[in-house]
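Participant: Next up, data.cif (mmCIF, C-alpha atoms).
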```cif
data_target
#
loop_
_atom_site.label_atom_id
_atom_site.label_comp_id
_atom_site.auth_asym_id
_atom_site.auth_seq_id
_atom_site.Cartn_x
_atom_site.Cartn_y
_atom_site.Cartn_z
CA MET A 23 -15.07 17.80 5.62
CA GLU A 24 -15.26 15.69 8.81
CA PHE A 25 -13.11 12.56 8.91
CA GLU A 26 -15.94 10.03 9.16
CA THR A 27 -17.97 11.72 6.41
CA ALA A 28 -14.98 11.81 4.08
CA ALA A 29 -13.98 8.21 4.83
CA ARG A 30 -17.50 6.93 4.14
CA ALA A 31 -17.62 8.92 0.90
CA ILE A 32 -14.34 7.43 -0.34
CA LEU A 33 -15.36 3.88 0.56
CA ALA A 34 -18.76 4.29 -1.10
CA ASN A 35 -17.08 5.63 -4.22
CA ILE A 36 -14.66 2.69 -4.41
CA GLU A 37 -17.50 0.21 -3.91
CA LYS A 38 -19.26 1.58 -7.00
CA VAL A 39 -16.70 -0.30 -9.10
CA ILE A 40 -15.46 -2.99 -6.69
CA ASP A 41 -18.37 -5.33 -6.04
CA GLY A 42 -18.45 -7.33 -2.82
CA LYS A 43 -14.95 -6.46 -1.58
CA PRO A 44 -15.43 -4.03 1.36
CA GLU A 45 -12.37 -5.38 3.21
CA ALA A 46 -10.10 -4.62 0.24
CA ALA A 47 -11.55 -1.11 -0.10
CA GLU A 48 -11.02 -0.39 3.60
CA ALA A 49 -7.47 -1.77 3.51
CA ALA A 50 -6.62 0.52 0.59
CA LEU A 51 -8.03 3.55 2.41
CA VAL A 52 -6.27 2.67 5.68
CA VAL A 53 -2.89 2.37 3.94
CA PHE A 54 -3.45 5.65 2.11
CA LEU A 55 -4.34 7.54 5.30
CA ALA A 56 -1.43 5.93 7.16
CA GLU A 57 0.94 7.31 4.50
CA GLY A 58 1.97 3.82 3.47
CA HIS A 59 2.18 1.88 0.24
CA LEU A 60 -0.10 -0.95 -0.86
CA LEU A 61 0.76 -4.13 -2.77
CA ILE A 62 -2.19 -5.96 -4.36
CA GLU A 63 -1.26 -9.50 -5.35
CA ASP A 64 -3.54 -11.88 -7.20
CA VAL A 65 -4.15 -13.62 -10.50
CA PRO A 66 -4.99 -11.47 -13.55
CA GLY A 67 -8.52 -10.19 -14.04
CA VAL A 68 -9.84 -10.00 -10.47
CA GLY A 69 -9.80 -6.21 -10.11
CA LYS A 70 -6.36 -5.31 -8.77
CA THR A 71 -5.88 -2.31 -11.04
CA VAL A 72 -9.55 -1.36 -10.75
CA LEU A 73 -9.17 -0.98 -6.97
CA ALA A 74 -6.05 1.17 -7.39
CA LYS A 75 -7.74 3.38 -9.99
CA ALA A 76 -10.92 3.69 -7.90
CA LEU A 77 -8.95 4.97 -4.90
CA ALA A 78 -7.08 7.42 -7.12
CA ARG A 79 -10.29 8.64 -8.79
CA SER A 80 -11.92 9.25 -5.39
CA VAL A 81 -9.38 11.91 -4.39
CA SER A 82 -8.78 15.19 -6.18
CA CYS A 83 -4.99 14.89 -6.46
CA SER A 84 -2.33 14.08 -9.03
CA VAL A 85 -2.21 10.48 -10.27
CA ARG A 86 0.31 8.73 -12.53
CA ARG A 87 0.21 5.16 -13.75
CA ILE A 88 3.28 3.10 -14.62
CA GLN A 89 2.88 -0.06 -16.65
CA PHE A 90 5.82 -2.20 -15.58
CA THR A 91 7.34 -4.17 -18.45
CA PRO A 92 10.70 -5.92 -18.92
CA ASP A 93 12.05 -2.99 -20.99
CA LEU A 94 11.02 -0.27 -18.49
CA LEU A 95 14.03 1.79 -17.37
CA PRO A 96 14.69 3.25 -13.90
CA SER A 97 14.76 6.75 -15.44
CA ASP A 98 11.19 6.23 -16.68
CA ILE A 99 10.18 6.13 -13.02
CA THR A 100 12.46 8.67 -11.36
CA GLY A 101 13.13 11.10 -14.19
CA VAL A 102 16.19 12.11 -16.18
CA SER A 103 18.45 15.13 -16.71
CA VAL A 104 18.27 16.37 -20.32
CA TYR A 105 20.65 18.87 -21.87
CA ASN A 106 18.86 22.06 -22.90
CA GLN A 107 20.75 23.46 -25.86
CA ALA A 108 19.05 26.88 -25.61
CA ASP A 109 20.09 27.42 -21.98
CA ARG A 110 23.25 25.32 -22.30
CA GLU A 111 22.55 23.46 -19.07
CA PHE A 112 20.96 20.24 -17.93
CA GLU A 113 17.26 20.32 -17.10
CA PHE A 114 15.52 17.73 -14.94
CA LYS A 115 12.48 16.04 -16.46
CA PRO A 116 10.43 14.46 -13.64
CA GLY A 117 9.44 10.82 -14.02
CA ALA A 118 6.14 9.12 -13.29
CA VAL A 119 6.84 8.89 -9.56
CA PHE A 120 6.16 12.62 -9.16
CA ALA A 121 2.48 12.34 -8.23
CA ASN A 122 0.38 12.01 -5.09
CA ILE A 123 -0.81 8.53 -6.04
CA VAL A 124 1.41 6.33 -8.21
CA ILE A 125 -0.20 3.21 -9.65
CA GLY A 126 2.41 0.60 -10.47
CA ASP A 127 0.69 -1.97 -12.65
CA GLU A 128 2.24 -5.47 -12.64
CA ILE A 129 5.31 -4.29 -10.78
CA ASN A 130 6.96 -7.70 -10.85
CA ARG A 131 7.12 -7.81 -14.65
CA ALA A 132 9.99 -5.30 -14.61
CA SER A 133 13.58 -6.21 -13.84
CA PRO A 134 14.85 -5.95 -10.24
CA LYS A 135 16.98 -2.95 -11.26
CA THR A 136 13.89 -1.05 -12.39
CA GLN A 137 11.89 -2.14 -9.34
CA SER A 138 14.63 -0.76 -7.11
CA ALA A 139 14.15 2.71 -8.60
CA LEU A 140 11.17 3.03 -6.27
CA LEU A 141 13.07 2.24 -3.06
CA GLU A 142 14.21 5.77 -2.21
CA ALA A 143 10.90 7.31 -3.20
CA MET A 144 8.84 4.89 -1.10
CA GLU A 145 10.95 5.23 2.03
CA GLU A 146 12.19 8.83 2.00
CA ARG A 147 9.63 10.59 -0.24
CA GLN A 148 12.42 11.88 -2.46
CA VAL A 149 14.32 11.04 -5.63
CA THR A 150 18.03 11.52 -6.27
CA VAL A 151 19.13 11.92 -9.89
CA ASP A 152 22.67 12.85 -10.93
CA GLY A 153 23.52 13.85 -7.38
CA THR A 154 20.56 16.20 -6.95
CA THR A 155 17.69 15.36 -4.59
CA TYR A 156 14.09 16.24 -5.48
CA GLU A 157 11.34 16.13 -2.88
CA LEU A 158 8.06 14.40 -3.67
CA GLY A 159 4.68 15.91 -2.88
CA SER A 160 2.40 15.13 0.03
CA PRO A 161 0.47 12.92 0.28
CA PHE A 162 2.46 10.31 -1.59
CA THR A 163 1.53 6.65 -1.90
CA VAL A 164 2.35 3.81 -4.26
CA VAL A 165 -0.40 1.32 -5.07
CA ALA A 166 1.25 -1.54 -6.92
CA THR A 167 -0.25 -4.68 -8.39
CA GLN A 168 1.56 -7.91 -9.04
CA ASN A 169 0.77 -11.34 -10.38
CA PRO A 170 1.82 -14.41 -8.38
CA PHE A 171 5.57 -14.71 -8.91
CA GLU A 172 5.36 -18.27 -10.23
CA MET A 173 3.45 -17.01 -13.29
CA GLU A 174 5.34 -16.64 -16.58
CA GLY A 175 7.28 -13.41 -17.12
CA THR A 176 7.46 -12.30 -13.49
CA TYR A 177 10.32 -11.50 -11.13
CA ALA A 178 9.99 -12.03 -7.39
CA LEU A 179 10.19 -8.74 -5.50
CA PRO A 180 13.35 -8.54 -3.37
CA GLU A 181 12.96 -8.46 0.42
CA ALA A 182 13.91 -4.78 0.65
CA GLN A 183 11.15 -3.89 -1.82
CA ARG A 184 8.47 -5.96 -0.06
CA ASP A 185 9.38 -4.45 3.30
CA ARG A 186 8.55 -0.97 2.01
CA PHE A 187 4.96 -1.93 1.32
CA MET A 188 2.88 -1.29 4.41
CA ALA A 189 0.34 -3.94 3.42
CA ARG A 190 -0.22 -6.69 0.90
CA ILE A 191 -3.74 -7.79 0.08
CA SER A 192 -5.38 -10.22 -2.32
CA MET A 193 -8.63 -9.52 -4.11
CA GLY A 194 -9.90 -13.07 -4.53
CA TYR A 195 -12.70 -14.08 -6.85
CA PRO A 196 -16.08 -12.35 -6.42
CA SER A 197 -19.13 -14.20 -5.13
CA ALA A 198 -21.54 -15.59 -7.72
CA ALA A 199 -24.06 -12.84 -6.95
CA ALA A 200 -21.46 -10.07 -7.25
CA GLU A 201 -20.13 -11.53 -10.50
CA LEU A 202 -23.63 -11.76 -11.96
CA GLU A 203 -24.33 -8.15 -11.01
CA MET A 204 -21.06 -7.17 -12.66
CA VAL A 205 -21.96 -8.99 -15.88
CA GLN A 206 -25.42 -7.44 -16.01
CA GLY A 207 -24.38 -3.92 -15.05
CA ARG A 208 -21.20 -3.46 -17.09
CA ASP A 209 -22.33 -4.82 -20.42
CA THR A 210 -23.42 -1.39 -21.69
CA SER A 211 -21.67 1.08 -19.34
CA ASN A 212 -18.36 1.64 -17.62
CA PRO A 213 -18.74 2.48 -13.90
CA PHE A 214 -15.58 4.62 -14.05
CA ASP A 215 -17.50 7.08 -16.24
CA GLN A 216 -19.58 8.08 -13.20
CA LEU A 217 -16.70 8.03 -10.72
CA ASP A 218 -15.68 11.52 -9.61
CA ALA A 219 -13.48 12.79 -6.78
CA VAL A 220 -15.39 13.02 -3.50
CA VAL A 221 -12.67 14.66 -1.37
CA SER A 222 -10.04 17.30 -2.05
CA ILE A 223 -6.33 16.97 -1.41
CA GLU A 224 -6.77 19.37 1.51
CA ASP A 225 -9.38 17.00 2.98
CA VAL A 226 -6.95 14.11 2.64
CA GLN A 227 -4.16 16.05 4.36
CA SER A 228 -6.54 16.82 7.24
CA MET A 229 -7.55 13.16 7.46
CA ILE A 230 -3.90 12.09 7.58
CA ALA A 231 -3.31 14.56 10.43
CA VAL A 232 -6.26 13.09 12.33
CA ALA A 233 -4.95 9.54 11.83
CA ARG A 234 -1.50 10.55 13.09
CA ALA A 235 -3.03 11.94 16.30
CA ILE A 236 -4.94 8.75 17.23
CA TYR A 237 -3.97 7.55 20.71
CA VAL A 238 -2.08 4.28 21.19
CA SER A 239 -1.71 3.09 24.76
CA PRO A 240 1.67 1.76 25.97
CA ALA A 241 0.03 -1.66 26.42
CA VAL A 242 -1.03 -1.82 22.77
CA GLU A 243 2.39 -0.59 21.64
CA GLN A 244 3.97 -3.37 23.71
CA TYR A 245 1.59 -5.88 22.12
CA ALA A 246 2.77 -4.89 18.64
CA VAL A 247 6.42 -5.12 19.72
CA ASP A 248 5.87 -8.53 21.36
CA ILE A 249 4.42 -9.92 18.12
CA ALA A 250 7.27 -8.53 16.03
CA GLN A 251 9.84 -9.93 18.48
CA ALA A 252 8.14 -13.32 18.37
CA THR A 253 8.59 -13.50 14.59
CA ARG A 254 12.33 -13.01 15.01
CA ASP A 255 12.62 -15.87 17.51
CA ASP A 256 10.26 -18.33 15.80
CA ALA A 257 11.80 -21.60 14.67
CA GLU A 258 9.72 -21.67 11.46
CA LEU A 259 10.95 -18.29 10.22
CA ARG A 260 14.33 -17.49 8.74
CA LEU A 261 13.62 -13.74 8.61
CA GLY A 262 11.27 -12.04 11.05
CA ALA A 263 9.52 -8.68 10.98
CA SER A 264 11.74 -5.60 10.74
CA PRO A 265 11.42 -2.56 13.04
CA ARG A 266 9.93 -0.79 10.00
CA ALA A 267 7.18 -3.43 10.00
CA THR A 268 6.37 -2.70 13.66
CA LEU A 269 6.18 1.03 13.02
CA GLN A 270 3.95 0.54 10.01
CA LEU A 271 1.70 -1.90 11.88
CA VAL A 272 1.03 0.69 14.59
CA ARG A 273 0.62 3.48 12.04
CA ALA A 274 -1.91 1.42 10.08
CA ALA A 275 -3.76 0.56 13.29
CA LYS A 276 -4.14 4.27 14.04
CA ALA A 277 -5.60 4.90 10.59
CA ARG A 278 -7.98 1.94 10.96
CA ALA A 279 -9.16 3.18 14.34
CA ALA A 280 -9.93 6.57 12.78
CA VAL A 281 -11.83 4.96 9.89
CA GLN A 282 -13.79 2.93 12.46
CA GLY A 283 -14.77 6.15 14.24
CA ARG A 284 -12.49 5.84 17.29
CA ASP A 285 -9.78 8.13 18.64
CA PHE A 286 -7.80 5.28 20.18
CA VAL A 287 -6.33 1.98 19.00
CA LEU A 288 -7.61 -1.39 20.22
CA PRO A 289 -5.67 -4.67 20.21
CA ASP A 290 -8.29 -5.78 17.68
CA ASP A 291 -6.93 -3.19 15.22
CA ILE A 292 -3.51 -4.83 15.49
CA ASP A 293 -5.00 -8.32 15.09
CA VAL A 294 -7.05 -7.37 12.01
CA LEU A 295 -4.08 -5.77 10.27
CA ILE A 296 -1.41 -8.36 11.04
CA PRO A 297 -2.44 -10.69 8.16
CA VAL A 298 -1.90 -7.91 5.61
CA VAL A 299 1.01 -6.04 7.22
CA LEU A 300 3.42 -8.77 8.35
CA PRO A 301 3.37 -12.06 6.33
CA HIS A 302 4.79 -10.64 3.08
CA ARG A 303 7.87 -9.41 4.94
CA LEU A 304 8.74 -12.79 6.45
CA ILE A 305 10.88 -15.57 4.99
CA PRO A 306 10.02 -19.09 6.15
CA MET A 307 12.38 -21.93 6.85
CA ARG A 308 12.65 -24.64 4.23
CA GLY A 309 9.59 -26.87 4.36
CA VAL A 310 7.30 -24.18 5.83
CA ALA A 311 4.62 -23.46 3.27
CA ASP A 312 2.83 -20.32 4.41
CA THR A 313 3.98 -17.43 6.60
CA ALA A 314 0.34 -16.46 7.13
CA ASP A 315 -0.20 -19.68 9.08
CA VAL A 316 2.88 -18.98 11.16
CA MET A 317 1.61 -15.48 11.94
CA GLU A 318 -1.78 -16.85 12.96
CA ARG A 319 -0.09 -19.15 15.47
CA ILE A 320 2.16 -16.39 16.81
CA VAL A 321 -0.80 -14.07 17.38
CA ALA A 322 -2.69 -16.85 19.16
CA GLU A 323 0.30 -17.45 21.44
CA THR A 324 0.91 -13.77 22.25
CA PRO A 325 -1.02 -12.52 25.32
CA VAL A 326 -3.44 -9.69 24.59
CA PRO A 327 -2.67 -6.68 26.81
CA ALA A 328 -5.03 -5.98 29.68
CA GLY A 329 -3.91 -2.36 30.10
CA ALA A 330 -5.92 0.75 29.30
CA VAL A 331 -6.55 1.44 25.62
CA GLN A 332 -8.21 4.83 25.94
CA PRO A 333 -6.45 8.07 26.87
CA SER A 334 -6.92 8.96 30.51
#
```
Go through the file and emit its structure as structure tokens.

Facilitator:
Amino acid sequence: MEFETAARAILANIEKVIDGKPEAAEAALVVFLAEGHLLIEDVPGVGKTVLAKALARSVSCSVRRIQFTPDLLPSDITGVSVYNQADREFEFKPGAVFANIVIGDEINRASPKTQSALLEAMEERQVTVDGTTYELGSPFTVVATQNPFEMEGTYALPEAQRDRFMARISMGYPSAAAELEMVQGRDTSNPFDQLDAVVSIEDVQSMIAVARAIYVSPAVEQYAVDIAQATRDDAELRLGASPRATLQLVRAAKARAAVQGRDFVLPDDIDVLIPVVLPHRLIPMRGVADTADVMERIVAETPVPAGAVQPS
């Protein structure tokens, strides 16, 4: 299946159950094709888990869901070695992370120790248990939801965990028209009942290969680096963007360009993605309320490159 055809099919499938949120659907697809991980943060009941499930249902691949709770153990995620009395040896039982798409529901309701069980898997696509390393499949992406950390029963994600998420998005409340349509259309039927996979795992692997091959000019690469460097020198930020953040920003921009039907990245791709790729990784100085506002100022102050954006 051609890239554009497959991308449109996935987005149309997601929008069957997510009313009036095309930006959220595109962000989820971009992160998936960029081989990243997505964090969806918002108040309960606005469709965070629905978006994650809709993306998973749209692709014919393995999916596992983890409901994060205070009593969840790290071994529930990674797996555990169990002694097999018949064979008289230990046998590894894979945990929920062994899937192409892992949905982590309310990730910040589990303890930091359990949250950290995902660190190796998210960064290195592998799990180490009792000294043995097990490779995860490809593609592999974590789509996690979390409630605002000031809500009761939540733990703030540590910086190292947040930095492994390529993007963080918020769903927001639907418009009045979209909410009315939802009330009228879902009273007697569940839209997930009609939601089937529209692409195969082989299609997804081909799409990922296409996204990897998208051209990024040296000028656009320098633009991304200049913005990341500016966050590290800004007086309102205590912690700036990591080199991982710069790499993931460019990788996401390549996937977005492909979804938009281009074979090269524009500075606009960087600008559109900055609000979802960088702010959650930053730590502000005391008295600074919102890192998103700081990022908006930094982008406005950073010169847009005038160099070529298309391959010669």

Participant: Of the candidates A:Ile40, A:Val238, A:Ala182, A:Ile305, which one gets nearest to Ala200 of chain A if we count all atoms listed in the file?

Facilitator: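 Looking only at the distances to Ala200 of chain A, the closest residue turns out to be A:Ile40.
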
Participant: Compare A:Leu300, A:Pro92, A:Ile32, A:Ala231 by their minimum atom-to-atom distance to Arg254 of chain A, counting all atoms listed in the file, and give me the closest one.

Facilitator: A:Leu300

Participant: In terms of the shortest atom-to-atom distance over all atoms listed in the file, which of A:Thr100, A:Gly159, A:Leu77, A:Arg86 is closest to Phe54 of chain A?

Facilitator: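 Distance minimum relative to Phe54 of chain A lands on A:Leu77.
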
Participant: Interatomic distance between atom CA of Pro116 of chain A and atom CA of Ala189 of chain A?

Facilitator: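 About the pair atom CA of Pro116 of chain A and atom CA of Ala189 of chain A: they are 27.0 Å apart.
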
Participant: The residues within 12 Å of (-3.6, -6.0, -6.3), using only C-alpha atoms and the coordinates of the file, should be reported as a PyMOL selection string; which are they?

Facilitator: chain A and resi 46-47+49-50+59-75+125-130+164-170+189-194

Participant: Could the residues in this selection be written to a file with C-alpha atoms, as an mmCIF file, keeping the file's coordinate frame?

Facilitator:
```
data_model
loop_
_atom_site.group_PDB
_atom_site.id
_atom_site.type_symbol
_atom_site.label_atom_id
_atom_site.label_comp_id
_atom_site.auth_asym_id
_atom_site.auth_seq_id
_atom_site.Cartn_x
_atom_site.Cartn_y
_atom_site.Cartn_z
ATOM 1 C CA ALA A 46 -10.100 -4.620 0.240
ATOM 2 C CA ALA A 47 -11.550 -1.110 -0.100
ATOM 3 C CA ALA A 49 -7.470 -1.770 3.510
ATOM 4 C CA ALA A 50 -6.620 0.520 0.590
ATOM 5 C CA HIS A 59 2.180 1.880 0.240
ATOM 6 C CA LEU A 60 -0.100 -0.950 -0.860
ATOM 7 C CA LEU A 61 0.760 -4.130 -2.770
ATOM 8 C CA ILE A 62 -2.190 -5.960 -4.360
ATOM 9 C CA GLU A 63 -1.260 -9.500 -5.350
ATOM 10 C CA ASP A 64 -3.540 -11.880 -7.200
ATOM 11 C CA VAL A 65 -4.150 -13.620 -10.500
ATOM 12 C CA PRO A 66 -4.990 -11.470 -13.550
ATOM 13 C CA GLY A 67 -8.520 -10.190 -14.040
ATOM 14 C CA VAL A 68 -9.840 -10.000 -10.470
ATOM 15 C CA GLY A 69 -9.800 -6.210 -10.110
ATOM 16 C CA LYS A 70 -6.360 -5.310 -8.770
ATOM 17 C CA THR A 71 -5.880 -2.310 -11.040
ATOM 18 C CA VAL A 72 -9.550 -1.360 -10.750
ATOM 19 C CA LEU A 73 -9.170 -0.980 -6.970
ATOM 20 C CA ALA A 74 -6.050 1.170 -7.390
ATOM 21 C CA LYS A 75 -7.740 3.380 -9.990
ATOM 22 C CA ILE A 125 -0.200 3.210 -9.650
ATOM 23 C CA GLY A 126 2.410 0.600 -10.470
ATOM 24 C CA ASP A 127 0.690 -1.970 -12.650
ATOM 25 C CA GLU A 128 2.240 -5.470 -12.640
ATOM 26 C CA ILE A 129 5.310 -4.290 -10.780
ATOM 27 C CA ASN A 130 6.960 -7.700 -10.850
ATOM 28 C CA VAL A 164 2.350 3.810 -4.260
ATOM 29 C CA VAL A 165 -0.400 1.320 -5.070
ATOM 30 C CA ALA A 166 1.250 -1.540 -6.920
ATOM 31 C CA THR A 167 -0.250 -4.680 -8.390
ATOM 32 C CA GLN A 168 1.560 -7.910 -9.040
ATOM 33 C CA ASN A 169 0.770 -11.340 -10.380
ATOM 34 C CA PRO A 170 1.820 -14.410 -8.380
ATOM 35 C CA ALA A 189 0.340 -3.940 3.420
ATOM 36 C CA ARG A 190 -0.220 -6.690 0.900
ATOM 37 C CA ILE A 191 -3.740 -7.790 0.080
ATOM 38 C CA SER A 192 -5.380 -10.220 -2.320
ATOM 39 C CA MET A 193 -8.630 -9.520 -4.110
ATOM 40 C CA GLY A 194 -9.900 -13.070 -4.530
#
```

Participant: Run the PyMOL selection byres ((chain A and resi 211-219) around 8) mentally over the shown coordinates, then write out the matched residues as an NGL selection string, using the chain letters and numbers from the document.

Facilitator: :A and (35 or 38-39 or 76 or 79-82 or 207-210 or 220-222)

Participant: Written as a PDB file with C-alpha atoms, in the frame of the given file, what is the full residue list that the PyMOL selection byres ((chain A and resi 85) around 8) yields on the file shown?

Facilitator:
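Done, and the output landed in selection24.pdb:
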```pdb
ATOM      1  CA  ALA A  78      -7.080   7.420  -7.120  1.00  0.00           C
ATOM      2  CA  CYS A  83      -4.990  14.890  -6.460  1.00  0.00           C
ATOM      3  CA  SER A  84      -2.330  14.080  -9.030  1.00  0.00           C
ATOM      4  CA  ARG A  86       0.310   8.730 -12.530  1.00  0.00           C
ATOM      5  CA  ARG A  87       0.210   5.160 -13.750  1.00  0.00           C
ATOM      6  CA  ALA A 121       2.480  12.340  -8.230  1.00  0.00           C
ATOM      7  CA  ASN A 122       0.380  12.010  -5.090  1.00  0.00           C
ATOM      8  CA  ILE A 123      -0.810   8.530  -6.040  1.00  0.00           C
ATOM      9  CA  VAL A 124       1.410   6.330  -8.210  1.00  0.00           C
ATOM     10  CA  ILE A 125      -0.200   3.210  -9.650  1.00  0.00           C
TER      11      ILE A 125
END
```

Participant: Using all atoms of segment 303-311 of chain A that appear in the file, construct an axis-aligned enclosing box with 8 Å of padding on every side and provide its centre coordinates and edge lengths in Å, rounded to one decimal, as JSON.

Facilitator:
```
{"center_x": 8.6, "center_y": -18.1, "center_z": 5.1, "size_x": 24.0, "size_y": 33.5, "size_z": 19.6}
```
